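As provided, coords14.txt (compact mmCIF, C-alpha atoms and all ligand atoms) reads as follows.
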```
# COMPACT_ATOMS: atom_id res chain seq x y z
CA MET A 498 -8.53 121.77 124.19
CA SER A 499 -7.46 124.85 126.12
CA ARG A 500 -7.22 128.44 124.90
CA PRO A 501 -4.49 128.96 122.26
CA ILE A 502 -1.21 130.44 123.45
CA LYS A 503 0.33 133.11 121.23
CA ILE A 504 4.07 132.67 120.92
CA ALA A 505 6.35 135.08 119.09
CA VAL A 506 9.70 133.88 117.81
CA THR A 507 12.16 136.36 116.33
CA GLY A 508 14.90 135.33 113.92
CA ALA A 509 12.53 132.56 112.90
CA ALA A 510 14.26 131.87 109.57
CA GLY A 511 17.61 131.31 111.28
CA GLN A 512 19.37 128.16 112.43
CA ILE A 513 17.84 128.01 115.89
CA GLY A 514 14.42 128.85 114.47
CA TYR A 515 14.63 125.87 112.17
CA SER A 516 14.74 123.55 115.16
CA LEU A 517 12.73 125.60 117.65
CA LEU A 518 9.57 126.13 115.62
CA PHE A 519 9.04 122.44 114.95
CA ARG A 520 9.54 121.52 118.58
CA ILE A 521 7.07 124.18 119.75
CA ALA A 522 4.52 123.18 117.11
CA SER A 523 4.80 119.52 118.09
CA GLY A 524 3.83 120.38 121.66
CA ALA A 525 7.23 120.23 123.36
CA LEU A 526 6.48 123.42 125.28
CA PHE A 527 2.90 123.16 126.47
CA GLY A 528 1.94 119.61 125.51
CA ALA A 529 0.16 118.31 122.44
CA ASP A 530 -3.27 119.32 123.79
CA THR A 531 -2.55 123.04 124.03
CA PRO A 532 -3.00 124.87 120.74
CA VAL A 533 -0.27 127.33 119.85
CA GLN A 534 -0.35 130.29 117.50
CA LEU A 535 3.08 131.11 116.12
CA ARG A 536 3.93 134.73 115.33
CA LEU A 537 7.22 134.83 113.49
CA LEU A 538 9.32 137.97 113.12
CA GLU A 539 12.11 138.33 110.58
CA ILE A 540 13.89 141.06 108.68
CA THR A 541 12.41 141.71 105.25
CA PRO A 542 15.08 139.88 103.19
CA ALA A 543 14.56 136.70 105.22
CA LEU A 544 10.79 136.55 104.77
CA LYS A 545 10.97 134.42 101.64
CA ALA A 546 13.07 131.79 103.41
CA LEU A 547 10.63 131.97 106.30
CA GLU A 548 7.75 131.24 103.91
CA GLY A 549 9.55 128.00 103.08
CA VAL A 550 9.79 127.12 106.77
CA VAL A 551 6.06 127.77 107.15
CA MET A 552 5.38 125.44 104.21
CA GLU A 553 7.31 122.77 106.10
CA LEU A 554 5.36 123.46 109.27
CA ASP A 555 2.15 122.94 107.26
CA ASP A 556 3.56 119.70 105.93
CA CYS A 557 4.10 118.34 109.43
CA ALA A 558 0.34 118.58 110.12
CA PHE A 559 0.95 119.20 113.82
CA PRO A 560 -2.41 118.94 115.62
CA ALA A 561 -1.37 121.55 118.21
CA LEU A 562 -0.42 124.19 115.65
CA ASP A 563 -3.43 126.48 115.46
CA SER A 564 -2.00 129.18 113.15
CA VAL A 565 1.19 130.78 111.88
CA GLU A 566 1.69 134.40 111.00
CA ILE A 567 4.91 135.88 109.67
CA GLY A 568 6.09 139.44 109.15
CA ASP A 569 8.76 142.10 109.53
CA ASP A 570 6.71 144.52 111.65
CA ALA A 571 7.31 143.94 115.38
CA ASP A 572 4.15 145.81 116.44
CA HIS A 573 2.03 143.51 114.33
CA ILE A 574 3.81 140.26 115.18
CA PHE A 575 4.01 140.92 118.94
CA ASP A 576 0.38 141.98 119.18
CA GLY A 577 -1.20 140.11 122.11
CA VAL A 578 1.63 137.58 122.52
CA ASN A 579 1.82 135.62 125.77
CA LEU A 580 5.38 134.46 125.24
CA ALA A 581 8.11 136.09 123.16
CA LEU A 582 11.27 134.17 122.38
CA LEU A 583 13.80 136.71 121.15
CA VAL A 584 16.25 134.64 119.16
CA GLY A 585 16.96 136.90 116.19
CA ALA A 586 20.35 138.53 116.39
CA ARG A 587 23.60 138.38 114.58
CA PRO A 588 25.46 135.23 115.71
CA ARG A 589 29.12 135.10 116.58
CA SER A 590 31.53 133.86 113.96
CA LYS A 591 35.01 132.40 114.41
CA GLY A 592 37.29 134.57 116.51
CA MET A 593 34.56 136.90 117.81
CA GLU A 594 33.80 137.27 121.51
CA ARG A 595 30.19 137.81 122.50
CA GLY A 596 31.06 141.35 123.59
CA ASP A 597 31.74 142.21 119.95
CA LEU A 598 28.05 141.75 119.34
CA LEU A 599 26.87 144.37 121.81
CA SER A 600 26.45 147.27 119.48
CA ALA A 601 25.52 145.14 116.45
CA ASN A 602 22.58 143.73 118.36
CA GLY A 603 21.68 146.57 120.69
CA ALA A 604 19.49 148.32 118.17
CA ILE A 605 17.39 145.18 117.63
CA PHE A 606 16.58 144.85 121.32
CA THR A 607 15.72 148.50 121.90
CA ALA A 608 13.19 148.36 119.07
CA GLN A 609 11.75 145.02 120.16
CA GLY A 610 11.51 146.07 123.81
CA LYS A 611 9.52 149.14 122.76
CA ALA A 612 7.23 147.11 120.52
CA LEU A 613 6.55 144.53 123.26
CA ASN A 614 5.79 147.36 125.66
CA ARG A 615 3.17 148.69 123.26
CA VAL A 616 1.38 145.55 122.15
CA ALA A 617 2.20 142.34 124.08
CA ALA A 618 -0.44 140.63 126.25
CA ASP A 619 -0.64 141.62 129.92
CA ASP A 620 0.77 138.25 130.98
CA VAL A 621 3.71 138.25 128.53
CA ARG A 622 6.94 136.43 129.41
CA ILE A 623 10.03 137.28 127.37
CA GLY A 624 12.97 134.93 126.92
CA VAL A 625 16.12 136.23 125.23
CA THR A 626 18.34 133.75 123.41
CA GLY A 627 20.06 136.12 120.96
CA ASN A 628 23.56 137.08 122.08
CA PRO A 629 24.88 138.75 124.11
CA ALA A 630 21.79 137.37 125.78
CA ASN A 631 22.03 138.87 129.29
CA THR A 632 22.68 142.38 128.12
CA ASN A 633 20.18 142.13 125.27
CA ALA A 634 17.58 141.20 127.89
CA LEU A 635 18.64 144.22 129.94
CA ILE A 636 18.23 146.44 126.87
CA ALA A 637 14.79 145.05 126.02
CA MET A 638 13.68 145.37 129.66
CA SER A 639 14.91 148.95 129.91
CA ASN A 640 12.95 149.85 126.80
CA ALA A 641 9.72 148.28 128.08
CA PRO A 642 8.94 150.30 131.22
CA ASP A 643 5.35 149.06 131.50
CA ILE A 644 6.31 145.37 131.56
CA PRO A 645 7.56 144.18 134.97
CA ALA A 646 11.30 143.44 134.87
CA ALA A 647 10.63 139.96 136.25
CA ARG A 648 8.98 139.04 132.94
CA PHE A 649 12.34 139.14 131.17
CA SER A 650 14.93 136.43 131.29
CA ALA A 651 18.03 135.54 129.29
CA LEU A 652 19.00 132.03 128.35
CA THR A 653 21.65 130.30 130.44
CA ARG A 654 19.79 127.00 130.31
CA LEU A 655 22.07 125.78 127.54
CA ASP A 656 25.06 126.28 129.85
CA HIS A 657 23.11 124.55 132.63
CA ASN A 658 22.35 121.59 130.34
CA ARG A 659 25.95 121.47 129.15
CA ALA A 660 27.09 121.35 132.76
CA LEU A 661 24.66 118.49 133.47
CA GLY A 662 26.02 116.62 130.47
CA GLN A 663 29.66 117.02 131.50
CA LEU A 664 29.01 116.07 135.13
CA ALA A 665 26.97 113.01 134.11
CA ARG A 666 29.84 111.87 131.94
CA LYS A 667 32.41 112.38 134.65
CA THR A 668 30.44 110.62 137.38
CA GLN A 669 28.92 107.95 135.12
CA VAL A 670 25.37 108.57 136.28
CA PRO A 671 22.36 109.33 134.09
CA VAL A 672 21.66 113.06 133.62
CA GLY A 673 18.28 112.56 135.27
CA GLU A 674 19.96 111.75 138.58
CA ILE A 675 21.69 115.12 138.81
CA ARG A 676 19.89 117.92 140.56
CA ARG A 677 20.55 121.45 141.74
CA MET A 678 23.05 122.47 139.09
CA THR A 679 23.73 126.20 139.00
CA VAL A 680 25.18 128.47 136.36
CA TRP A 681 26.00 131.90 137.76
CA GLY A 682 26.38 135.11 135.81
CA ASN A 683 26.81 135.83 132.15
CA HIS A 684 26.18 133.57 129.17
CA SER A 685 29.80 134.03 128.16
CA ALA A 686 33.23 132.62 128.85
CA THR A 687 33.14 134.14 132.38
CA GLN A 688 30.06 132.16 133.43
CA TYR A 689 30.47 130.01 136.51
CA PRO A 690 28.95 126.53 136.40
CA ASP A 691 28.88 125.53 140.08
CA ILE A 692 28.73 121.93 141.29
CA PHE A 693 29.36 122.71 144.96
CA ASN A 694 25.62 122.83 145.58
CA ALA A 695 24.68 120.19 143.01
CA GLU A 696 23.73 116.60 143.81
CA VAL A 697 24.63 113.41 142.00
CA ALA A 698 22.26 110.58 142.92
CA GLY A 699 21.48 112.39 146.17
CA ARG A 700 25.10 113.04 147.17
CA ASN A 701 27.00 116.33 147.00
CA ALA A 702 28.45 116.54 143.48
CA ALA A 703 31.76 118.17 144.43
CA GLU A 704 32.33 115.43 147.02
CA VAL A 705 31.48 112.72 144.52
CA VAL A 706 33.90 114.22 141.99
CA ASN A 707 36.50 114.96 144.67
CA ASP A 708 38.83 116.56 142.15
CA GLN A 709 39.26 120.35 142.34
CA ASP A 710 41.70 120.23 139.42
CA TRP A 711 39.03 118.68 137.17
CA ILE A 712 36.49 121.28 138.33
CA GLU A 713 38.81 124.22 137.66
CA ASN A 714 40.73 123.06 134.64
CA GLU A 715 38.34 120.80 132.78
CA PHE A 716 34.73 121.12 133.82
CA ILE A 717 34.41 124.91 134.01
CA PRO A 718 36.42 125.67 130.84
CA THR A 719 34.65 122.94 128.86
CA VAL A 720 31.21 124.28 129.76
CA ALA A 721 32.18 127.95 129.42
CA GLN A 722 33.93 127.45 126.07
CA ARG A 723 31.45 124.98 124.62
CA GLY A 724 29.89 127.52 122.29
CA ALA A 725 33.28 128.33 120.76
CA ALA A 726 34.14 124.61 120.49
CA ILE A 727 30.94 124.02 118.56
CA ILE A 728 31.62 126.94 116.23
CA GLU A 729 35.09 125.53 115.65
CA ALA A 730 33.78 122.03 114.91
CA ARG A 731 30.59 122.82 112.98
CA GLY A 732 31.60 126.08 111.38
CA ALA A 733 28.36 127.49 112.80
CA SER A 734 27.13 128.19 116.31
CA SER A 735 25.06 125.69 118.27
CA ALA A 736 21.50 125.54 117.03
CA ALA A 737 19.59 122.36 117.94
CA SER A 738 20.92 122.40 121.51
CA ALA A 739 20.17 126.13 121.79
CA ALA A 740 16.61 125.53 120.58
CA SER A 741 16.20 122.66 123.02
CA ALA A 742 17.44 124.81 125.91
CA THR A 743 15.12 127.65 124.84
CA ILE A 744 12.20 125.20 125.09
CA ASP A 745 13.37 123.81 128.45
CA ALA A 746 13.72 127.30 129.87
CA ALA A 747 10.31 128.54 128.72
CA ARG A 748 8.53 125.34 129.74
CA ASP A 749 10.00 125.33 133.26
CA TRP A 750 9.37 129.05 133.68
CA LEU A 751 5.71 128.74 132.76
CA LEU A 752 4.90 125.28 134.08
CA GLY A 753 7.14 125.20 137.19
CA THR A 754 10.32 123.50 138.39
CA PRO A 755 10.14 120.01 139.91
CA GLU A 756 10.03 119.65 143.69
CA GLY A 757 13.54 119.59 145.17
CA ASP A 758 15.28 120.87 142.07
CA TRP A 759 16.00 124.24 140.47
CA VAL A 760 17.13 125.62 137.12
CA SER A 761 19.47 128.41 136.00
CA MET A 762 17.87 131.54 134.55
CA ALA A 763 19.42 134.94 133.97
CA VAL A 764 17.10 137.43 135.64
CA ALA A 765 17.24 140.98 136.96
CA SER A 766 19.34 140.87 140.12
CA ASP A 767 17.79 142.12 143.35
CA GLY A 768 21.25 142.22 144.89
CA SER A 769 21.15 138.55 145.96
CA TYR A 770 24.55 136.95 146.48
CA GLY A 771 26.21 140.38 146.34
CA VAL A 772 25.49 140.89 142.63
CA PRO A 773 24.88 144.54 141.68
CA GLU A 774 21.17 145.21 141.49
CA GLY A 775 19.64 145.38 138.03
CA LEU A 776 22.22 143.28 136.19
CA VAL A 777 20.68 140.39 134.29
CA TYR A 778 22.61 137.66 136.07
CA SER A 779 22.11 133.91 135.97
CA TYR A 780 20.92 132.49 139.28
CA PRO A 781 19.52 129.24 140.56
CA VAL A 782 15.75 129.76 140.53
CA THR A 783 12.59 127.87 141.30
CA THR A 784 9.44 128.73 139.41
CA SER A 785 5.74 128.44 140.01
CA GLY A 786 2.74 129.96 138.24
CA GLY A 787 4.99 131.67 135.69
CA ASN A 788 7.02 133.45 138.36
CA TRP A 789 10.60 132.77 139.37
CA GLU A 790 12.27 133.08 142.72
CA ILE A 791 16.01 133.10 143.39
CA VAL A 792 17.17 130.20 145.57
CA GLU A 793 18.65 131.95 148.58
CA GLY A 794 21.08 130.80 151.24
CA LEU A 795 23.38 128.57 149.20
CA GLU A 796 26.88 128.12 150.45
CA VAL A 797 29.43 130.22 148.56
CA ASN A 798 33.06 129.21 149.14
CA ASP A 799 36.01 131.47 148.31
CA PHE A 800 36.55 129.87 144.93
CA SER A 801 32.88 130.35 144.00
CA ARG A 802 32.92 133.93 145.30
CA ARG A 803 35.78 134.88 142.98
CA LYS A 804 34.09 133.28 139.99
CA MET A 805 30.71 134.85 140.77
CA ASP A 806 32.31 138.28 141.15
CA ALA A 807 34.30 138.00 137.90
CA THR A 808 31.23 137.25 135.81
CA ALA A 809 29.29 140.03 137.58
CA ALA A 810 32.13 142.43 136.74
CA GLU A 811 31.84 141.54 133.06
CA LEU A 812 28.10 142.20 133.11
CA PHE A 813 28.71 145.47 134.92
CA ASP A 814 31.05 146.53 132.11
CA GLU A 815 28.57 145.43 129.44
CA ARG A 816 25.89 147.51 131.14
CA ALA A 817 28.21 150.52 131.17
CA ALA A 818 29.00 149.98 127.48
CA VAL A 819 25.35 149.89 126.41
CA ALA A 820 24.58 152.86 128.66
CA ASP A 821 27.33 154.78 126.82
CA LEU A 822 25.73 153.78 123.53
CA GLY A 823 22.43 155.22 124.82
CA LEU A 824 20.67 151.84 124.57
CA ILE A 825 19.39 151.75 128.16
N1 LIG B 1 21.92 132.06 124.74
C1 LIG B 1 22.38 130.96 124.14
O1 LIG B 1 22.61 129.94 124.82
C2 LIG B 1 22.65 130.91 122.68
C3 LIG B 1 22.47 132.00 121.89
N2 LIG B 1 22.72 131.96 120.55
C4 LIG B 1 22.46 133.18 119.80
O2 LIG B 1 21.18 133.09 119.17
C5 LIG B 1 21.13 134.00 118.08
C6 LIG B 1 20.55 133.32 116.85
O3 LIG B 1 21.39 132.28 116.42
P1 LIG B 1 21.16 131.54 115.02
O4 LIG B 1 19.74 131.14 114.87
O5 LIG B 1 22.22 130.53 114.93
O6 LIG B 1 21.50 132.72 114.01
P2 LIG B 1 21.10 132.88 112.48
O7 LIG B 1 21.97 133.93 111.88
O8 LIG B 1 21.01 131.54 111.82
O9 LIG B 1 19.64 133.45 112.60
C7 LIG B 1 19.39 134.71 113.13
C8 LIG B 1 18.17 135.22 112.42
O10 LIG B 1 17.81 136.43 113.04
C9 LIG B 1 17.28 137.26 112.03
N3 LIG B 1 17.26 138.64 112.48
C10 LIG B 1 18.26 139.56 112.48
N4 LIG B 1 17.80 140.74 112.90
C11 LIG B 1 16.50 140.56 113.19
C12 LIG B 1 15.50 141.44 113.67
N5 LIG B 1 15.73 142.72 113.92
N6 LIG B 1 14.27 140.93 113.85
C13 LIG B 1 13.99 139.65 113.59
N7 LIG B 1 14.91 138.78 113.12
C14 LIG B 1 16.14 139.24 112.94
C15 LIG B 1 18.21 137.01 110.84
O11 LIG B 1 17.60 137.40 109.62
C16 LIG B 1 18.41 135.51 110.93
O12 LIG B 1 17.46 134.79 110.16
C17 LIG B 1 22.57 134.49 117.91
O13 LIG B 1 22.69 135.73 118.57
C18 LIG B 1 23.37 133.45 118.64
O14 LIG B 1 24.62 133.94 119.05
C19 LIG B 1 23.11 130.82 119.95
C20 LIG B 1 23.32 129.68 120.69
C21 LIG B 1 23.14 129.65 122.12
O1 LIG B 2 28.89 130.66 121.43
C1 LIG B 2 28.08 131.22 120.69
O2 LIG B 2 28.28 132.25 120.05
C2 LIG B 2 26.71 130.61 120.61
C3 LIG B 2 26.31 130.41 121.98
O3 LIG B 2 25.93 131.32 122.67
C4 LIG B 2 26.55 129.12 122.59
O4 LIG B 2 26.66 128.10 121.89
O5 LIG B 2 26.62 129.10 123.82
```
Just give me the structure as structure tokens.
Ligand SMILES: NC(=O)C1=CN([C@@H]2O[C@H](COP(=O)(O)OP(=O)(O)OC[C@H]3O[C@@H](n4cnc5c(N)ncnc54)[C@H](O)[C@@H]3O)[C@@H](O)[C@H]2O)C=CC1
Ligand SMILES: O=C([O-])CC(=O)C(=O)O
Amino acid sequence: MSRPIKIAVTGAAGQIGYSLLFRIASGALFGADTPVQLRLLEITPALKALEGVVMELDDCAFPALDSVEIGDDADHIFDGVNLALLVGARPRSKGMERGDLLSANGAIFTAQGKALNRVAADDVRIGVTGNPANTNALIAMSNAPDIPAARFSALTRLDHNRALGQLARKTQVPVGEIRRMTVWGNHSATQYPDIFNAEVAGRNAAEVVNDQDWIENEFIPTVAQRGAAIIEARGASSAASAASATIDAARDWLLGTPEGDWVSMAVASDGSYGVPEGLVYSYPVTTSGGNWEIVEGLEVNDFSRRKMDATAAELFDERAAVADLGLI
């Protein structure tokens, strides 16, 4: 057995937490031979419900689950963590856009960024799932000046996985035969899932599809509006798929992307692809040794350029809004 990995999960008593914790404890992140120590953060009124979740974790008798600690004090829960999955935030309800959540959630991410800065392990990686994820990551990053910005990422892997699912359906190939999918920009309705650089069974995906109307009027809106469609259907926002994507994202970040493929991660822009520096923008990335690198040199056609710029503009406005609120 290797050394235990300390993983913090915030919002642990919520919907996503209820799926995420059991997957982590069963070894879905680091394998069944790597012990994990769960550090679960909640607000005080949710601690009782969280105690119930911990009872259920005990009852699963997961061999990889070394220990579980719960609490409402971020400095205590984040102490020495190697990975922090920031899920806790107020979710969107019917009729709300993710932008409506900016101020409601900003305060959470300033406080948690500061706490991580004080007490997290030197090698900490921080994944933000709570919405609006990109800008929450920017807020946490800005409030943690001693943690390198590259250690923060926001979740666009769910959008990436949704795009894989839709493309697999359209082309009638197994998901596993699709590579090089990219989601650009914000985890919001302006995101741009791009198949022009993707491959279906080794062939260019846009050429296989050969249907610009489907790309523009079905594929992109279906992926970009999937969260709202799930809220409409379930009466609650996506949870199991969000937990699964949170695991996929953290696992690939820490353990590396497969040869010849990449994943989508929202990371601090270095100006690549003309995106304003510092925005937390989803890019195609490869990872190795816990570090990510933006895939450079992809072809960007005029259609893609417009889409990539529109989602960057939304993030630019979100950054201005949280700057006005004094959160960054
Ligand atoms: N990036 C993505 O792809 C996705 C993001 N989301 C977002 O994930 C977040 C969580 O979703 P759910 O689990 O469905 O929500 P939920 O409402 O079921 O759970 C959120 C939990 O966070 C807790 N919480 C609130 N403030 C907290 C704080 N300061 N510290 C610790 N915990 C706190 C709440 O008590 C609650 O238990 C939402 O913001 C949602 O919009 C959801 C789906 C996909
Ligand atoms: O749409 C929402 O509010 C939840 C979410 O982020 C998603 O399912 O993509």
Notebook entry, point to check: Which residues, written as an NGL selection string, have at least one atom at most 6 Å from stretch 643-658 of chain A, with only C-alpha atoms counted and residues fewer than 3 positions away on the same chain left out?
Noted result: :A and (622-626 or 630-631 or 634 or 661 or 680 or 684 or 742 or 761-764)
Notebook entry, point to check: Contacts of A:Ala665 at 10 Å or less, counting all atoms listed in the file, minus same-chain residues fewer than 5 places along, as a VMD selection string?
Noted result: chain A and resid 659 to 660 670 to 675 697
Within 8 Å of ligand LIG 1 (chain B) (counting only C-alpha atoms and all ligand atoms), which residues show up? I'd like them as an mmCIF file with C-alpha atoms, in the frame of the given file.
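After the write, pocket-v4.cif holds the following:
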```cif
data_model
loop_
_atom_site.group_PDB
_atom_site.id
_atom_site.type_symbol
_atom_site.label_atom_id
_atom_site.label_comp_id
_atom_site.auth_asym_id
_atom_site.auth_seq_id
_atom_site.Cartn_x
_atom_site.Cartn_y
_atom_site.Cartn_z
ATOM 1 C CA THR A 507 12.160 136.360 116.330
ATOM 2 C CA GLY A 508 14.900 135.330 113.920
ATOM 3 C CA ALA A 509 12.530 132.560 112.900
ATOM 4 C CA ALA A 510 14.260 131.870 109.570
ATOM 5 C CA GLY A 511 17.610 131.310 111.280
ATOM 6 C CA GLN A 512 19.370 128.160 112.430
ATOM 7 C CA ILE A 513 17.840 128.010 115.890
ATOM 8 C CA GLY A 514 14.420 128.850 114.470
ATOM 9 C CA TYR A 515 14.630 125.870 112.170
ATOM 10 C CA LEU A 538 9.320 137.970 113.120
ATOM 11 C CA GLU A 539 12.110 138.330 110.580
ATOM 12 C CA ILE A 540 13.890 141.060 108.680
ATOM 13 C CA PRO A 542 15.080 139.880 103.190
ATOM 14 C CA ALA A 543 14.560 136.700 105.220
ATOM 15 C CA ASP A 569 8.760 142.100 109.530
ATOM 16 C CA ALA A 571 7.310 143.940 115.380
ATOM 17 C CA VAL A 584 16.250 134.640 119.160
ATOM 18 C CA GLY A 585 16.960 136.900 116.190
ATOM 19 C CA ALA A 586 20.350 138.530 116.390
ATOM 20 C CA ARG A 587 23.600 138.380 114.580
ATOM 21 C CA PRO A 588 25.460 135.230 115.710
ATOM 22 C CA ARG A 589 29.120 135.100 116.580
ATOM 23 C CA ARG A 595 30.190 137.810 122.500
ATOM 24 C CA ASN A 602 22.580 143.730 118.360
ATOM 25 C CA ALA A 604 19.490 148.320 118.170
ATOM 26 C CA ILE A 605 17.390 145.180 117.630
ATOM 27 C CA PHE A 606 16.580 144.850 121.320
ATOM 28 C CA GLN A 609 11.750 145.020 120.160
ATOM 29 C CA VAL A 625 16.120 136.230 125.230
ATOM 30 C CA THR A 626 18.340 133.750 123.410
ATOM 31 C CA GLY A 627 20.060 136.120 120.960
ATOM 32 C CA ASN A 628 23.560 137.080 122.080
ATOM 33 C CA PRO A 629 24.880 138.750 124.110
ATOM 34 C CA ALA A 630 21.790 137.370 125.780
ATOM 35 C CA ALA A 651 18.030 135.540 129.290
ATOM 36 C CA LEU A 652 19.000 132.030 128.350
ATOM 37 C CA THR A 653 21.650 130.300 130.440
ATOM 38 C CA ARG A 654 19.790 127.000 130.310
ATOM 39 C CA LEU A 655 22.070 125.780 127.540
ATOM 40 C CA ASP A 656 25.060 126.280 129.850
ATOM 41 C CA HIS A 684 26.180 133.570 129.170
ATOM 42 C CA GLY A 724 29.890 127.520 122.290
ATOM 43 C CA ALA A 733 28.360 127.490 112.800
ATOM 44 C CA SER A 734 27.130 128.190 116.310
ATOM 45 C CA SER A 735 25.060 125.690 118.270
ATOM 46 C CA ALA A 736 21.500 125.540 117.030
ATOM 47 C CA SER A 738 20.920 122.400 121.510
ATOM 48 C CA ALA A 739 20.170 126.130 121.790
ATOM 49 C CA ALA A 740 16.610 125.530 120.580
ATOM 50 C CA ALA A 742 17.440 124.810 125.910
ATOM 51 C CA THR A 743 15.120 127.650 124.840
#
```
Margin query: For a test of reading the model, state the distance in Å between atom CA of A:Tyr689 and atom CA of A:Gln722, rounded to one decimal.
Written below: 11.3 Å
Notebook entry, point to check: For the atom pair atom O2 of ligand LIG 2 (chain B) and atom CA of A:Lys591, what is the interatomic distance in Å to one decimal place?
Noted result: 8.8 Å
Next item on the list: For A:Arg802, please output as a PyMOL selection string all residues within 12 Å (counting all atoms listed in the file; exclusion window: fewer than 5 positions along the same chain).
Entry: chain A and resi 681-682+689+691+693+770-772+795-797+807-809
Would you mind exporting the chosen residues as a short mmCIF file (atom, residue, chain, number, x, y, z; two decimals), keeping the file's coordinate frame, restricted to C-alpha atoms?
```cif
data_model
loop_
_atom_site.label_atom_id
_atom_site.label_comp_id
_atom_site.auth_asym_id
_atom_site.auth_seq_id
_atom_site.Cartn_x
_atom_site.Cartn_y
_atom_site.Cartn_z
CA TRP A 681 26.00 131.90 137.76
CA GLY A 682 26.38 135.11 135.81
CA TYR A 689 30.47 130.01 136.51
CA ASP A 691 28.88 125.53 140.08
CA PHE A 693 29.36 122.71 144.96
CA TYR A 770 24.55 136.95 146.48
CA GLY A 771 26.21 140.38 146.34
CA VAL A 772 25.49 140.89 142.63
CA LEU A 795 23.38 128.57 149.20
CA GLU A 796 26.88 128.12 150.45
CA VAL A 797 29.43 130.22 148.56
CA ALA A 807 34.30 138.00 137.90
CA THR A 808 31.23 137.25 135.81
CA ALA A 809 29.29 140.03 137.58
#
```
Note to self: If we draw a sphere of 9 Å around (16.1, 128.9, 144.7), which residues have at least one atom in it when counting only C-alpha atoms? Please report them as a PyMOL selection string.
What the structure shows: chain A and resi 758-760+780-784+789-795
Next item on the list: Fewer than 2 positions away in the same chain doesn't count, so skip those; otherwise give me all residues within 10 Å of A:Gly823, counting only C-alpha atoms, as an MDAnalysis selection string.
Entry: chainID A and resid 603 607 636 817:821 825
Check: atom CA of A:Gly568 and atom CA of A:Lys545 are how many Å apart?
Finding: 10.3 Å
Notebook entry, point to check: What's the 12 Å shell around A:Ala608, counting all atoms listed in the file, without same-chain residues fewer than 5 positions away, as a count of residues only?
Noted result: 19
Next item on the list: Give the answer as one residue: which of A:Lys667, A:Arg803, A:Arg676, A:Arg536 has the shortest atom-to-atom distance to A:Phe716, using all atoms listed in the file?
Entry: A:Lys667
Next item on the list: Go through A:Met593, A:Ile712, A:Ala765, A:Ala695 and flag the residue nearest ligand LIG 2 (chain B), using all atoms listed in the file for the distances.
Entry: A:Met593
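Each of A:Gln669, A:Thr679, A:Asn714, A:Ser590 was compared to ligand LIG 2 (chain B) using all atoms listed in the file, and A:Ser590 turns out to be the nearest.
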Taking all listed atoms of stretch 782-791 of chain A, build the axis-aligned box, pad each of the six sides by 4 Å, then write its centre and edge lengths in Å to one decimal as AutoDock Vina command-line options.
```
--center_x 9.4 --center_y 130.7 --center_z 139.5 --size_x 21.3 --size_y 13.6 --size_z 15.7
```
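Shortest atom-to-atom contact with A:Ala522 among A:Val506, A:Gly549, A:Asp708, A:Phe559: A:Phe559, counting all atoms listed in the file.
Comparing A:Ala686, A:Met805, A:Ile504, A:Ala747 by their smallest distance to A:Asn788, the closest is A:Ala747 (using all atoms listed in the file).
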Check: Taking all atoms listed in the file into account, which of A:Asp710, A:Glu756, A:Glu704, A:Glu548 comes nearest A:Arg677?
Finding: A:Glu756
